[in-house]
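A short write-up of the structure that comes next.
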Amino acid sequence: MVAGTICLHGAMMVANELFFRRAEFLQGIGWIYLPAGTRLLCTLMFGEAGAVGLLIAGWFACYWYYFPGDALRATTGTIAGALGPYLVYLLAQSRLGLRSSLTNLTPQRLLICALGCSLASPLLHHIWFAVHDDANLLPGLVVMFVGDLIGTLIVLYTAKWLLSLLPAPPQRLR
């Protein structure tokens, strides 16, 4: 599950760079951010193992691509990116009664999780930015929220479409 998360999240980071790099507001903050969708998807499907996979994939990306030479920013960005969705997952379990099997994951609960993840990671990132007196706090937060939400919705609807292509499970006889 950890390795699958690393591969899927890494693939989404590459896809985001290929297709949406020009939609960046600032480095690492874009109007469309596909990896936000894999953050939610992997955390919902794999729980803690998904969060660990996101952390590892994020470390690779942040240390060697996004922020080489800035270990503090790479570390805090990676932790914020993995911790936000995991906290939303835990809140969904406690507040919404979300089961680890996801059998009671309704479209409304999924949307709540998508909105929560699209807010949690940007908030954690921007708390760190505020402590370090970075400029563009409010605009950056808004763009990161919008980008995470759009990226999450693209990934979720693409996953839904791909699942619809699979053959239907056989009907159980009663």
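Numbering starts fresh at 1 for the residues of each chain in the structure tokens, the chains themselves are lettered A, B, ... in the order given, and ligands are numbered from 1 as they appear.
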
With a cut-off of 12 Å, could you pull out the residues of segment 65-98 of chain A touching segment 132-150 of chain A and give me the nearest pair of atoms for each, distance in Å to one decimal, using only C-alpha atoms, ordered by chain and ascending number, as a tab-separated table?
residue	atom	partner	partner_atom	distance
A:Leu72	CA	A:His132	CA	11.0
A:Arg73	CA	A:His132	CA	10.1
A:Thr76	CA	A:His132	CA	11.6
A:Gly81	CA	A:Asp148	CA	10.7
A:Gly84	CA	A:Asp148	CA	11.7
A:Pro85	CA	A:Asp148	CA	11.3

Contacts of segment 55-57 of chain A within 9 Å, only C-alpha atoms, excl. fewer than 4 positions in-chain, as an mmCIF file with C-alpha atoms, in the first residue's frame:
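Final output, saved to part_5.cif:
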data_model
loop_
_atom_site.group_PDB
_atom_site.id
_atom_site.type_symbol
_atom_site.label_atom_id
_atom_site.label_comp_id
_atom_site.auth_asym_id
_atom_site.auth_seq_id
_atom_site.Cartn_x
_atom_site.Cartn_y
_atom_site.Cartn_z
ATOM 1 C CA VAL A 2 2.890 2.351 0.778
ATOM 2 C CA THR A 5 0.835 5.255 -2.927
ATOM 3 C CA ILE A 6 4.385 6.341 -3.758
ATOM 4 C CA CYS A 7 3.958 5.254 -7.385
ATOM 5 C CA HIS A 9 1.376 10.045 -6.118
ATOM 6 C CA GLY A 10 4.651 10.279 -8.040
ATOM 7 C CA GLY A 50 -1.335 5.967 2.467
ATOM 8 C CA ALA A 51 -0.143 8.855 4.621
ATOM 9 C CA ALA A 61 9.718 15.450 -4.838
ATOM 10 C CA CYS A 62 10.433 18.303 -2.434
ATOM 11 C CA THR A 78 6.065 17.383 2.826
ATOM 12 C CA ILE A 79 4.658 17.013 6.329
ATOM 13 C CA GLY A 81 0.994 17.629 2.372
ATOM 14 C CA ALA A 82 0.749 14.243 4.087
ATOM 15 C CA LEU A 83 -0.632 15.309 7.462
#

ask   = Contacts of Arg39 of chain A at 12 Å or less, counting only C-alpha atoms, minus same-chain residues fewer than 2 places along, as a PyMOL selection string?
value = chain A and resi 5-6+8-10+12-13+33-37+41-55+57-58+78+80-89+113-114+116-118+120-121+148-149+151-153+155-156

query = Got a sec to tell me which of segment 21-84 of chain A DSSP assigns to strand (DSSP E), as an NGL selection string?
reply = :A and (24-26 or 29-30)

ask   = Which residue out of A:Ala92, A:Gly77, A:Phe60, A:Tyr157 has the minimum interatomic distance to Gln27 of chain A when only C-alpha atoms are used?
value =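 Ranking A:Ala92, A:Gly77, A:Phe60, A:Tyr157 by distance to Gln27 of chain A, first place goes to A:Gly77.
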
Give me every helix (DSSP H, G or I) residue in chain A, going by DSSP on the backbone, as a short mmCIF file (atom, residue, chain, number, x, y, z; two decimals) with N, CA and C atoms, in the first residue's frame.
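The resulting part.cif:
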data_model
loop_
_atom_site.label_atom_id
_atom_site.label_comp_id
_atom_site.auth_asym_id
_atom_site.auth_seq_id
_atom_site.Cartn_x
_atom_site.Cartn_y
_atom_site.Cartn_z
N VAL A 2 1.97 1.21 0.75
CA VAL A 2 2.89 2.35 0.78
C VAL A 2 3.52 2.52 -0.60
N ALA A 3 4.01 1.41 -1.17
CA ALA A 3 4.66 1.47 -2.49
C ALA A 3 3.67 1.92 -3.57
N GLY A 4 2.44 1.42 -3.50
CA GLY A 4 1.42 1.84 -4.47
C GLY A 4 1.13 3.32 -4.37
N THR A 5 1.06 3.82 -3.14
CA THR A 5 0.84 5.25 -2.93
C THR A 5 1.99 6.07 -3.49
N ILE A 6 3.22 5.62 -3.24
CA ILE A 6 4.39 6.34 -3.76
C ILE A 6 4.32 6.41 -5.28
N CYS A 7 4.01 5.29 -5.92
CA CYS A 7 3.96 5.25 -7.38
C CYS A 7 2.83 6.13 -7.93
N LEU A 8 1.63 6.01 -7.35
CA LEU A 8 0.50 6.78 -7.84
C LEU A 8 0.70 8.28 -7.61
N HIS A 9 1.16 8.62 -6.42
CA HIS A 9 1.38 10.04 -6.12
C HIS A 9 2.51 10.61 -6.98
N GLY A 10 3.56 9.85 -7.16
CA GLY A 10 4.65 10.28 -8.04
C GLY A 10 4.18 10.49 -9.47
N ALA A 11 3.34 9.57 -9.95
CA ALA A 11 2.81 9.69 -11.31
C ALA A 11 1.95 10.95 -11.45
N MET A 12 1.17 11.27 -10.42
CA MET A 12 0.35 12.48 -10.46
C MET A 12 1.21 13.74 -10.43
N MET A 13 2.32 13.69 -9.69
CA MET A 13 3.22 14.86 -9.69
C MET A 13 3.82 15.08 -11.07
N VAL A 14 4.21 13.99 -11.72
CA VAL A 14 4.76 14.09 -13.07
C VAL A 14 3.68 14.60 -14.03
N ALA A 15 2.48 14.04 -13.95
CA ALA A 15 1.38 14.48 -14.82
C ALA A 15 1.07 15.96 -14.60
N ASN A 16 1.08 16.37 -13.35
CA ASN A 16 0.80 17.78 -13.05
C ASN A 16 1.87 18.69 -13.67
N GLU A 17 3.12 18.27 -13.58
CA GLU A 17 4.21 19.06 -14.19
C GLU A 17 4.06 19.11 -15.71
N LEU A 18 3.67 18.00 -16.32
CA LEU A 18 3.53 17.96 -17.77
C LEU A 18 2.37 18.80 -18.27
N PHE A 19 1.23 18.71 -17.59
CA PHE A 19 0.02 19.34 -18.11
C PHE A 19 -0.36 20.68 -17.49
N PHE A 20 0.08 20.94 -16.26
CA PHE A 20 -0.41 22.13 -15.57
C PHE A 20 0.68 23.02 -15.01
N ARG A 21 1.90 22.87 -15.46
CA ARG A 21 2.98 23.71 -14.94
C ARG A 21 2.72 25.19 -15.21
N ARG A 22 2.12 25.50 -16.33
CA ARG A 22 1.83 26.91 -16.68
C ARG A 22 0.71 27.49 -15.83
N ALA A 23 0.04 26.64 -15.07
CA ALA A 23 -1.05 27.12 -14.20
C ALA A 23 -0.53 27.41 -12.79
N PRO A 35 -1.85 16.15 -7.66
CA PRO A 35 -1.44 15.33 -6.52
C PRO A 35 -2.34 15.48 -5.29
N ALA A 36 -3.07 16.57 -5.19
CA ALA A 36 -4.01 16.71 -4.07
C ALA A 36 -5.07 15.61 -4.14
N GLY A 37 -5.44 15.21 -5.34
CA GLY A 37 -6.42 14.14 -5.49
C GLY A 37 -5.89 12.80 -5.03
N THR A 38 -4.61 12.53 -5.32
CA THR A 38 -4.06 11.26 -4.85
C THR A 38 -3.84 11.29 -3.35
N ARG A 39 -3.63 12.47 -2.79
CA ARG A 39 -3.53 12.57 -1.32
C ARG A 39 -4.81 12.07 -0.68
N LEU A 40 -5.95 12.54 -1.18
CA LEU A 40 -7.23 12.10 -0.63
C LEU A 40 -7.49 10.63 -0.95
N LEU A 41 -7.33 10.25 -2.19
CA LEU A 41 -7.63 8.89 -2.62
C LEU A 41 -6.82 7.85 -1.85
N CYS A 42 -5.52 8.06 -1.75
CA CYS A 42 -4.66 7.09 -1.07
C CYS A 42 -4.89 7.08 0.43
N THR A 43 -5.19 8.22 1.01
CA THR A 43 -5.46 8.25 2.45
C THR A 43 -6.78 7.55 2.75
N LEU A 44 -7.80 7.79 1.92
CA LEU A 44 -9.07 7.10 2.14
C LEU A 44 -8.93 5.60 1.95
N MET A 45 -8.22 5.18 0.92
CA MET A 45 -8.11 3.75 0.64
C MET A 45 -7.17 3.02 1.60
N PHE A 46 -6.06 3.66 1.97
CA PHE A 46 -5.02 2.95 2.71
C PHE A 46 -4.77 3.48 4.12
N GLU A 48 -3.36 5.01 7.27
CA GLU A 48 -2.01 5.39 7.72
C GLU A 48 -0.94 5.01 6.69
N ALA A 49 -1.09 3.86 6.05
CA ALA A 49 -0.11 3.44 5.04
C ALA A 49 -0.10 4.43 3.87
N GLY A 50 -1.27 4.95 3.51
CA GLY A 50 -1.34 5.97 2.47
C GLY A 50 -0.63 7.25 2.87
N ALA A 51 -0.82 7.65 4.12
CA ALA A 51 -0.14 8.85 4.62
C ALA A 51 1.37 8.68 4.61
N VAL A 52 1.84 7.50 4.98
CA VAL A 52 3.29 7.22 4.95
C VAL A 52 3.80 7.26 3.51
N GLY A 53 3.06 6.67 2.59
CA GLY A 53 3.45 6.71 1.18
C GLY A 53 3.50 8.13 0.64
N LEU A 54 2.52 8.95 1.04
CA LEU A 54 2.51 10.36 0.62
C LEU A 54 3.72 11.10 1.18
N LEU A 55 4.06 10.79 2.42
CA LEU A 55 5.21 11.42 3.05
C LEU A 55 6.50 11.08 2.30
N ILE A 56 6.68 9.83 1.96
CA ILE A 56 7.89 9.39 1.26
C ILE A 56 7.95 10.00 -0.14
N ALA A 57 6.84 9.92 -0.88
CA ALA A 57 6.81 10.50 -2.23
C ALA A 57 7.04 12.00 -2.17
N GLY A 58 6.44 12.66 -1.19
CA GLY A 58 6.62 14.10 -1.03
C GLY A 58 8.06 14.47 -0.73
N TRP A 59 8.72 13.66 0.12
CA TRP A 59 10.12 13.93 0.41
C TRP A 59 10.97 13.86 -0.86
N PHE A 60 10.76 12.82 -1.65
CA PHE A 60 11.53 12.72 -2.90
C PHE A 60 11.30 13.96 -3.77
N ALA A 61 10.04 14.32 -3.96
CA ALA A 61 9.72 15.45 -4.84
C ALA A 61 10.24 16.77 -4.29
N CYS A 62 10.04 17.01 -3.01
CA CYS A 62 10.43 18.30 -2.43
C CYS A 62 11.94 18.45 -2.30
N TYR A 63 12.62 17.39 -1.88
CA TYR A 63 14.07 17.49 -1.68
C TYR A 63 14.84 17.53 -3.00
N TRP A 64 14.33 16.82 -4.02
CA TRP A 64 15.12 16.75 -5.25
C TRP A 64 14.56 17.54 -6.40
N TYR A 65 13.33 18.04 -6.30
CA TYR A 65 12.78 18.77 -7.44
C TYR A 65 12.29 20.17 -7.05
N TYR A 66 11.31 20.24 -6.15
CA TYR A 66 10.69 21.52 -5.86
C TYR A 66 11.59 22.47 -5.08
N ALA A 71 16.12 22.44 2.88
CA ALA A 71 15.63 21.26 3.61
C ALA A 71 14.46 21.59 4.54
N LEU A 72 14.48 22.77 5.15
CA LEU A 72 13.39 23.13 6.06
C LEU A 72 12.07 23.26 5.31
N ARG A 73 12.08 23.96 4.19
CA ARG A 73 10.85 24.13 3.41
C ARG A 73 10.39 22.79 2.83
N ALA A 74 11.34 22.00 2.35
CA ALA A 74 10.99 20.68 1.81
C ALA A 74 10.36 19.80 2.88
N THR A 75 10.91 19.82 4.08
CA THR A 75 10.40 18.99 5.17
C THR A 75 9.01 19.45 5.61
N THR A 76 8.86 20.74 5.85
CA THR A 76 7.56 21.23 6.32
C THR A 76 6.48 21.09 5.25
N GLY A 77 6.84 21.32 4.00
CA GLY A 77 5.87 21.15 2.91
C GLY A 77 5.43 19.71 2.77
N THR A 78 6.38 18.80 2.92
CA THR A 78 6.07 17.38 2.83
C THR A 78 5.16 16.95 3.97
N ILE A 79 5.47 17.38 5.16
CA ILE A 79 4.66 17.01 6.33
C ILE A 79 3.25 17.59 6.19
N ALA A 80 3.14 18.84 5.78
CA ALA A 80 1.82 19.47 5.60
C ALA A 80 1.01 18.74 4.53
N GLY A 81 1.68 18.32 3.46
CA GLY A 81 0.99 17.63 2.37
C GLY A 81 0.49 16.25 2.76
N ALA A 82 1.18 15.57 3.66
CA ALA A 82 0.75 14.24 4.09
C ALA A 82 -0.15 14.30 5.32
N LEU A 83 0.12 15.23 6.21
CA LEU A 83 -0.63 15.31 7.46
C LEU A 83 -2.06 15.83 7.25
N GLY A 84 -2.23 16.81 6.38
CA GLY A 84 -3.55 17.38 6.14
C GLY A 84 -4.59 16.33 5.75
N PRO A 85 -4.34 15.55 4.71
CA PRO A 85 -5.32 14.52 4.33
C PRO A 85 -5.52 13.45 5.41
N TYR A 86 -4.47 13.11 6.11
CA TYR A 86 -4.61 12.10 7.16
C TYR A 86 -5.48 12.62 8.30
N LEU A 87 -5.31 13.88 8.67
CA LEU A 87 -6.16 14.46 9.71
C LEU A 87 -7.62 14.52 9.26
N VAL A 88 -7.85 14.85 8.00
CA VAL A 88 -9.22 14.87 7.46
C VAL A 88 -9.80 13.45 7.48
N TYR A 89 -9.00 12.47 7.14
CA TYR A 89 -9.44 11.07 7.19
C TYR A 89 -9.84 10.68 8.61
N LEU A 90 -9.01 11.04 9.59
CA LEU A 90 -9.33 10.73 10.99
C LEU A 90 -10.59 11.47 11.45
N LEU A 91 -10.73 12.72 11.05
CA LEU A 91 -11.94 13.48 11.40
C LEU A 91 -13.19 12.87 10.74
N ALA A 92 -13.04 12.42 9.50
CA ALA A 92 -14.17 11.80 8.81
C ALA A 92 -14.58 10.51 9.51
N GLN A 93 -13.62 9.78 10.03
CA GLN A 93 -13.95 8.57 10.77
C GLN A 93 -14.69 8.90 12.06
N SER A 94 -14.20 9.91 12.79
CA SER A 94 -14.81 10.21 14.08
C SER A 94 -16.09 11.03 13.96
N ARG A 95 -16.14 11.99 13.06
CA ARG A 95 -17.30 12.89 12.98
C ARG A 95 -18.38 12.40 12.01
N PRO A 107 -21.52 10.10 -1.78
CA PRO A 107 -21.01 11.24 -2.55
C PRO A 107 -20.88 12.51 -1.69
N GLN A 108 -21.81 12.72 -0.77
CA GLN A 108 -21.75 13.90 0.09
C GLN A 108 -20.54 13.82 1.03
N ARG A 109 -20.30 12.67 1.61
CA ARG A 109 -19.14 12.51 2.50
C ARG A 109 -17.84 12.64 1.73
N LEU A 110 -17.82 12.14 0.50
CA LEU A 110 -16.63 12.27 -0.32
C LEU A 110 -16.36 13.74 -0.64
N LEU A 111 -17.41 14.49 -0.93
CA LEU A 111 -17.25 15.92 -1.20
C LEU A 111 -16.76 16.65 0.05
N ILE A 112 -17.29 16.29 1.20
CA ILE A 112 -16.82 16.90 2.46
C ILE A 112 -15.33 16.59 2.66
N CYS A 113 -14.93 15.36 2.39
CA CYS A 113 -13.51 14.99 2.51
C CYS A 113 -12.66 15.76 1.51
N ALA A 114 -13.16 15.92 0.28
CA ALA A 114 -12.42 16.67 -0.74
C ALA A 114 -12.25 18.13 -0.31
N LEU A 115 -13.32 18.73 0.18
CA LEU A 115 -13.23 20.11 0.66
C LEU A 115 -12.29 20.22 1.86
N GLY A 116 -12.38 19.25 2.77
CA GLY A 116 -11.52 19.24 3.96
C GLY A 116 -10.06 19.13 3.60
N CYS A 117 -9.73 18.21 2.69
CA CYS A 117 -8.33 18.05 2.27
C CYS A 117 -7.83 19.27 1.51
N SER A 118 -8.72 19.85 0.71
CA SER A 118 -8.33 21.03 -0.07
C SER A 118 -8.12 22.24 0.81
N LEU A 119 -8.61 22.19 2.02
CA LEU A 119 -8.39 23.27 2.97
C LEU A 119 -7.27 22.94 3.97
N ALA A 120 -7.20 21.68 4.40
CA ALA A 120 -6.24 21.29 5.46
C ALA A 120 -4.79 21.47 5.03
N SER A 121 -4.41 20.92 3.90
CA SER A 121 -3.01 21.03 3.48
C SER A 121 -2.60 22.48 3.22
N PRO A 122 -3.41 23.26 2.48
CA PRO A 122 -3.04 24.67 2.31
C PRO A 122 -2.95 25.43 3.63
N LEU A 123 -3.84 25.16 4.56
CA LEU A 123 -3.76 25.84 5.86
C LEU A 123 -2.47 25.48 6.59
N LEU A 124 -2.12 24.21 6.61
CA LEU A 124 -0.88 23.80 7.26
C LEU A 124 0.34 24.43 6.59
N HIS A 125 0.34 24.46 5.25
CA HIS A 125 1.43 25.11 4.52
C HIS A 125 1.52 26.60 4.90
N HIS A 126 0.37 27.26 4.89
CA HIS A 126 0.37 28.71 5.09
C HIS A 126 0.59 29.12 6.53
N ILE A 127 0.32 28.25 7.47
CA ILE A 127 0.72 28.53 8.85
C ILE A 127 2.23 28.62 8.92
N TRP A 128 2.90 27.69 8.26
CA TRP A 128 4.37 27.72 8.23
C TRP A 128 4.86 28.96 7.48
N PHE A 129 4.21 29.28 6.36
CA PHE A 129 4.61 30.48 5.60
C PHE A 129 4.44 31.74 6.46
N ALA A 130 3.37 31.81 7.22
CA ALA A 130 3.12 32.98 8.07
C ALA A 130 4.19 33.12 9.14
N VAL A 131 4.61 32.00 9.72
CA VAL A 131 5.66 32.03 10.74
C VAL A 131 6.97 32.53 10.15
N LEU A 137 0.40 35.63 1.39
CA LEU A 137 -0.26 34.64 2.24
C LEU A 137 -1.71 34.38 1.82
N LEU A 138 -2.53 35.39 1.79
CA LEU A 138 -3.94 35.17 1.45
C LEU A 138 -4.11 34.74 0.00
N PRO A 139 -3.49 35.43 -0.96
CA PRO A 139 -3.64 34.96 -2.35
C PRO A 139 -3.11 33.54 -2.53
N GLY A 140 -1.99 33.24 -1.90
CA GLY A 140 -1.42 31.89 -2.01
C GLY A 140 -2.33 30.84 -1.42
N LEU A 141 -2.95 31.15 -0.29
CA LEU A 141 -3.88 30.22 0.36
C LEU A 141 -5.09 29.97 -0.53
N VAL A 142 -5.64 31.03 -1.10
CA VAL A 142 -6.81 30.89 -1.98
C VAL A 142 -6.45 30.06 -3.21
N VAL A 143 -5.32 30.36 -3.84
CA VAL A 143 -4.92 29.62 -5.04
C VAL A 143 -4.64 28.16 -4.69
N MET A 144 -3.99 27.92 -3.57
CA MET A 144 -3.69 26.53 -3.20
C MET A 144 -4.98 25.77 -2.90
N PHE A 145 -5.94 26.40 -2.23
CA PHE A 145 -7.23 25.76 -1.98
C PHE A 145 -7.93 25.42 -3.28
N VAL A 146 -8.03 26.40 -4.18
CA VAL A 146 -8.70 26.19 -5.47
C VAL A 146 -7.98 25.11 -6.27
N GLY A 147 -6.66 25.19 -6.33
CA GLY A 147 -5.88 24.21 -7.09
C GLY A 147 -6.02 22.80 -6.53
N ASP A 148 -5.99 22.69 -5.20
CA ASP A 148 -6.16 21.38 -4.57
C ASP A 148 -7.56 20.84 -4.82
N LEU A 149 -8.57 21.69 -4.74
CA LEU A 149 -9.94 21.23 -4.96
C LEU A 149 -10.15 20.80 -6.41
N ILE A 150 -9.70 21.60 -7.36
CA ILE A 150 -9.85 21.23 -8.77
C ILE A 150 -9.07 19.95 -9.06
N GLY A 151 -7.84 19.86 -8.59
CA GLY A 151 -7.04 18.65 -8.80
C GLY A 151 -7.68 17.43 -8.18
N THR A 152 -8.23 17.59 -6.98
CA THR A 152 -8.90 16.48 -6.31
C THR A 152 -10.12 16.03 -7.09
N LEU A 153 -10.92 16.97 -7.55
CA LEU A 153 -12.12 16.60 -8.31
C LEU A 153 -11.76 15.93 -9.63
N ILE A 154 -10.71 16.40 -10.30
CA ILE A 154 -10.28 15.76 -11.55
C ILE A 154 -9.87 14.32 -11.27
N VAL A 155 -9.06 14.10 -10.24
CA VAL A 155 -8.60 12.74 -9.92
C VAL A 155 -9.77 11.86 -9.51
N LEU A 156 -10.66 12.35 -8.67
CA LEU A 156 -11.80 11.53 -8.21
C LEU A 156 -12.72 11.16 -9.36
N TYR A 157 -13.05 12.12 -10.22
CA TYR A 157 -13.95 11.81 -11.33
C TYR A 157 -13.27 10.93 -12.38
N THR A 158 -11.96 11.08 -12.55
CA THR A 158 -11.23 10.18 -13.45
C THR A 158 -11.23 8.76 -12.89
N ALA A 159 -11.01 8.63 -11.57
CA ALA A 159 -11.04 7.30 -10.93
C ALA A 159 -12.44 6.70 -11.06
N LYS A 160 -13.48 7.51 -10.86
CA LYS A 160 -14.85 7.03 -11.00
C LYS A 160 -15.11 6.56 -12.42
N TRP A 161 -14.65 7.31 -13.40
CA TRP A 161 -14.83 6.93 -14.80
C TRP A 161 -14.09 5.63 -15.10
N LEU A 162 -12.84 5.52 -14.62
CA LEU A 162 -12.08 4.29 -14.86
C LEU A 162 -12.75 3.09 -14.21
N LEU A 163 -13.28 3.26 -13.02
CA LEU A 163 -13.99 2.17 -12.37
C LEU A 163 -15.26 1.78 -13.12
N SER A 164 -15.89 2.74 -13.79
CA SER A 164 -17.10 2.44 -14.56
C SER A 164 -16.79 1.58 -15.78
#

task = For atom CA of Gly30 of chain A and atom CA of Met1 of chain A, quote the distance in Å rounded to one decimal.
result =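 Rounded to one decimal, the two atoms are 27.5 Å apart.
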
request  = Using atom CA of Pro170 of chain A and atom CA of Ser101 of chain A as the two end points, give the distance in Å to one decimal.
outcome  =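 Those two atoms sit 20.1 Å apart.
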
task = For atom CA of Pro68 of chain A and atom CA of Leu26 of chain A, quote the distance in Å rounded to one decimal.
result =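 So the answer is 15.8 Å.
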